[in-house]
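This report concerns only the one structure given below.
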Amino acid sequence: MEQLLGAVRPYAWGSRITIPEMLGRPVPAPHPEAELWMGAHPGDPSRVVGSDGVERSLLELVESDPIGQLGGRCAQRWGDRLPFLLKILAAEEPLSMQAHPSASQAAEGHAREEAAGIPRDAPNRNYPDPTAKPELVCALTEFHALAGFRDPRRTVALLRAIETPGLAKYADLLAAQPDPDGLRTLFTTWITMPQPALDELLPEVLDACVLHVKEHGEFDTECRTILELGETHPTDAGVLAALLLNRLTLRAGEAIYLPAGNLHLYLHGTAVEILANSDNILRCGLTPKHVDVPELLRVVDFACGDMPVLRGQPIGRMAVYRTDAPEFELARIEWAAGEDEDVELDCTGPQILLCTAGELRLRAADGKESALRRGESMWLAAADPAVSVRPAGDQPAHLFRATPGTCA
């Protein structure tokens, strides 16, 4: 087991407080710090600190010894690539609205863009790699998001509640076909709407949302979110698209899984996120970056209904967030103040351990010991001996464990 030094990503929507405070640095930071990456992503790999104090890129370490670092089963499926990336996500402002492709869509899209000669770092590149990008986000604080299409009947009720002359016909359209096909029709109509028509409709919708909030209407939270998005993106079709999505508030420990095609938008809050090691994103809007509407429509899944909230399946002391993603699995372990029970972690594959509260003591089967404090992470290669972990003091302690999926 070796200490892992994560890579900080300074995106504009990030917090100047959360990640610096977690890492014990002065706050506020000079610039927003949005994500802390722990993994072997080629764009910004973590550093592994060896027993001699020498730092080495985790990407280079894995590529030089895939069997020892990943294990035979993982290396057979993923080659010399760690299949997952673990993050701390600190959103002070909303991110872009986006969806991710399935494995087959990613492979086909990547091959198509390679054949067309589009540079992999080009701003109009949709598929820089040939892999899927499912993800799971688990709240550390109250975490707000839009994810998945709401039941169309509830969306009709929302549209009726804020109905304006320009919006009425769209409420009628969805009411006449309250199913995934009706959602596809309405979403496509809005996302392809000519800018002059959009410039006329959006102010109507925002004014209606203001009135609904003032009247403490049934859809107060949804309308406040639309107003927040409209304030920073007053001419963007993504504001209309946001009317169609489930509005979620996650409490600490609750998670949502975002499979291929799920349209989503993180609003604000702090979370642990685990995702496949991929850069494939199809953006819908609320961003200055490239939006490819035809490709987006090929990828988005219009299945609708409530978005499942995961609380973790109890397995011993761990809560495991089960999904169908072969690239990753996330587990959470919590100790209350004064608890000191050992938890044994096997090492049949690669894993990253992340402490998000308190301080932990790790002890390997070969006798090696190490401390893990809040904000710190540890790399355990497949060839490492099994490890036991326990709190180092009498304060509450929280640990997240990232591994390849159980079906990998």
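Residue numbering restarts at 1 in every chain; chains get A, B, ... in the order shown in the structure tokens, and ligands count up from 1 in that same order.
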
Could you give me, as CSV, a per-residue list for segment 339-408 of chain A showing, wherever an atom lies at most 12 Å from an atom of segment 130-138 of chain A, the closest pair of atoms and their distance in Å to one decimal, using only C-alpha atoms and sorting by chain then residue number from low to high?
residue,atom,partner,partner_atom,distance
A:Thr356,CA,A:Cys138,CA,12.0
A:Phe400,CA,A:Cys138,CA,10.0
A:Ala402,CA,A:Leu136,CA,11.3
A:Gly405,CA,A:Pro134,CA,11.7

Quiz item: Can you tell me, as a list in words, what residues are no more than 9 Å from Leu286 of chain A when counting only C-alpha atoms, ignoring any on the same chain fewer than 3 positions away?
Solution: Pro94, Leu95, Ser96, Met97, Leu229, Thr232, His233, Asp236, Ala237, Gly238, Val239, Arg283 and Lys289 of chain A

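A straight line drawn from atom CA of Lys368 of chain A to atom CA of Trp335 of chain A is 22.3 Å long.
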
Exercise. Enter the distance from atom CA of Pro180 of chain A to atom CA of Phe302 of chain A, in Å, rounded to one decimal.
Key: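 Computing it gives 5.1 Å between the two atoms.
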
Quiz item: When distances are computed from only C-alpha atoms, which of A:Leu240, A:Ala107, A:Ala208, A:Val309 shows the smallest separation from Tyr257 of chain A?
Solution: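 Using only C-alpha atoms, Tyr257 of chain A sits closest to A:Val309.
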
Could you give me, as CSV, a per-residue list for segment 170-267 of chain A showing, wherever an atom lies at most 7 Å from an atom of segment 151-161 of chain A, the closest pair of atoms and their distance in Å to one decimal, using only C-alpha atoms and sorting by chain then residue number from low to high?
residue,atom,partner,partner_atom,distance
A:Ala171,CA,A:Val156,CA,5.6
A:Leu174,CA,A:Val156,CA,6.6
A:Ala175,CA,A:Val156,CA,6.1
A:Pro178,CA,A:Pro152,CA,5.0
A:Asp179,CA,A:Pro152,CA,6.2
A:Phe219,CA,A:Leu158,CA,6.6
A:Leu244,CA,A:Thr155,CA,6.2

Exercise. Excluding Asp340 of chain A and residues on its chain fewer than 5 positions from it, collect all residues at most 10 Å away from it, counting only C-alpha atoms, and give them as a ChimeraX atom specification.
Key: /A:335,360,389-397

Quiz item: Neighbours of Gly39 of chain A within 7 Å (only C-alpha atoms; same-chain residues fewer than 3 positions away dropped), as a VMD selection string?
Solution: chain A and resid 45 to 46 58 85 to 86

Quiz item: Counting only C-alpha atoms, which of A:Thr192, A:Thr323, A:Gln105, A:Thr141 gets nearest to Ile274 of chain A?
Solution: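 Under the stated criterion, the closest residue is A:Thr323.
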
Self-check item: strand (DSSP E) call set, DSSP backbone run, segment 93-338 of chain A, as a ChimeraX atom specification
Solution: /A:97-99,135-139,143-149,245-250,255-258,264-276,282-285,313-315,318-321,329-335

Dump C-alpha atoms for the selected residues as a PDB file, in the first residue's frame?
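Saved file result_4.pdb follows:
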ATOM      1  CA  MET A  97     -26.077  19.200 -18.870  1.00  0.00           C
ATOM      2  CA  GLN A  98     -24.735  15.986 -20.423  1.00  0.00           C
ATOM      3  CA  ALA A  99     -25.087  12.317 -21.220  1.00  0.00           C
ATOM      4  CA  GLU A 135     -20.723   7.020 -13.272  1.00  0.00           C
ATOM      5  CA  LEU A 136     -21.979   7.022  -9.708  1.00  0.00           C
ATOM      6  CA  VAL A 137     -22.041  10.009  -7.369  1.00  0.00           C
ATOM      7  CA  CYS A 138     -22.350   9.636  -3.572  1.00  0.00           C
ATOM      8  CA  ALA A 139     -23.092  12.719  -1.482  1.00  0.00           C
ATOM      9  CA  PHE A 143     -25.981  17.349  -2.946  1.00  0.00           C
ATOM     10  CA  HIS A 144     -28.324  18.696  -5.611  1.00  0.00           C
ATOM     11  CA  ALA A 145     -28.730  17.314  -9.129  1.00  0.00           C
ATOM     12  CA  LEU A 146     -31.018  16.895 -12.104  1.00  0.00           C
ATOM     13  CA  ALA A 147     -30.964  13.335 -13.435  1.00  0.00           C
ATOM     14  CA  GLY A 148     -33.157  11.220 -15.693  1.00  0.00           C
ATOM     15  CA  PHE A 149     -36.489  12.168 -17.218  1.00  0.00           C
ATOM     16  CA  LEU A 245     -35.621  16.106 -15.502  1.00  0.00           C
ATOM     17  CA  ASN A 246     -35.978  14.756 -11.961  1.00  0.00           C
ATOM     18  CA  ARG A 247     -34.853  17.277  -9.338  1.00  0.00           C
ATOM     19  CA  LEU A 248     -32.909  15.432  -6.611  1.00  0.00           C
ATOM     20  CA  THR A 249     -31.540  16.364  -3.198  1.00  0.00           C
ATOM     21  CA  LEU A 250     -29.199  13.696  -1.843  1.00  0.00           C
ATOM     22  CA  ALA A 255     -26.001   8.021  -4.270  1.00  0.00           C
ATOM     23  CA  ILE A 256     -27.313   7.942  -7.826  1.00  0.00           C
ATOM     24  CA  TYR A 257     -26.020   5.757 -10.634  1.00  0.00           C
ATOM     25  CA  LEU A 258     -25.927   7.287 -14.109  1.00  0.00           C
ATOM     26  CA  HIS A 264     -27.998  14.762 -15.960  1.00  0.00           C
ATOM     27  CA  LEU A 265     -26.693  17.946 -14.426  1.00  0.00           C
ATOM     28  CA  TYR A 266     -24.947  18.381 -11.069  1.00  0.00           C
ATOM     29  CA  LEU A 267     -26.096  21.617  -9.406  1.00  0.00           C
ATOM     30  CA  HIS A 268     -24.091  22.060  -6.209  1.00  0.00           C
ATOM     31  CA  GLY A 269     -22.684  20.200  -3.246  1.00  0.00           C
ATOM     32  CA  THR A 270     -19.763  17.930  -2.361  1.00  0.00           C
ATOM     33  CA  ALA A 271     -19.639  14.267  -3.340  1.00  0.00           C
ATOM     34  CA  VAL A 272     -17.440  11.279  -4.044  1.00  0.00           C
ATOM     35  CA  GLU A 273     -17.769  10.301  -7.678  1.00  0.00           C
ATOM     36  CA  ILE A 274     -16.586   7.112  -9.335  1.00  0.00           C
ATOM     37  CA  LEU A 275     -16.709   6.641 -13.089  1.00  0.00           C
ATOM     38  CA  ALA A 276     -15.243   4.695 -15.939  1.00  0.00           C
ATOM     39  CA  LEU A 282     -22.274  14.533 -25.178  1.00  0.00           C
ATOM     40  CA  ARG A 283     -23.322  17.939 -23.900  1.00  0.00           C
ATOM     41  CA  CYS A 284     -26.869  19.241 -24.084  1.00  0.00           C
ATOM     42  CA  GLY A 285     -26.313  22.838 -23.079  1.00  0.00           C
ATOM     43  CA  GLN A 313     -26.187  -2.693   0.353  1.00  0.00           C
ATOM     44  CA  PRO A 314     -24.937  -3.715   3.822  1.00  0.00           C
ATOM     45  CA  ILE A 315     -22.156  -6.309   3.572  1.00  0.00           C
ATOM     46  CA  MET A 318     -19.472  -1.936   4.434  1.00  0.00           C
ATOM     47  CA  ALA A 319     -22.277  -0.320   2.430  1.00  0.00           C
ATOM     48  CA  VAL A 320     -21.743  -1.335  -1.218  1.00  0.00           C
ATOM     49  CA  TYR A 321     -23.311   0.634  -4.048  1.00  0.00           C
ATOM     50  CA  GLU A 329     -17.653  -0.559  -7.599  1.00  0.00           C
ATOM     51  CA  LEU A 330     -17.822   1.843  -4.663  1.00  0.00           C
ATOM     52  CA  ALA A 331     -18.175   0.923  -0.989  1.00  0.00           C
ATOM     53  CA  ARG A 332     -18.471   3.116   2.114  1.00  0.00           C
ATOM     54  CA  ILE A 333     -17.340   2.244   5.644  1.00  0.00           C
ATOM     55  CA  GLU A 334     -18.262   4.394   8.650  1.00  0.00           C
ATOM     56  CA  TRP A 335     -17.210   4.252  12.293  1.00  0.00           C
TER      57      TRP A 335
END

Quiz prompt | Near-Cys209 of chain A list (8 Å; only C-alpha atoms; drop same-chain fewer than 2 positions) as a list in words | solution = Ile162, Val205, Leu206, Asp207, Leu211, His212, Val213, Cys223, Arg224, Ile226 and Leu227 of chain A

Quiz prompt | DSSP-assigned alpha helix (DSSP H) among segment 97-235 of chain A, expressed as a PyMOL selection string | solution = chain A and resi 103-115+152-161+168-176+180-191+195-214+220-232

Quiz item: Can you tell me, as a ChimeraX atom specification, what residues are no more than 7 Å from Val49 of chain A when counting only C-alpha atoms, ignoring any on the same chain fewer than 2 positions away?
Solution: /A:2-4,47,51,53-56
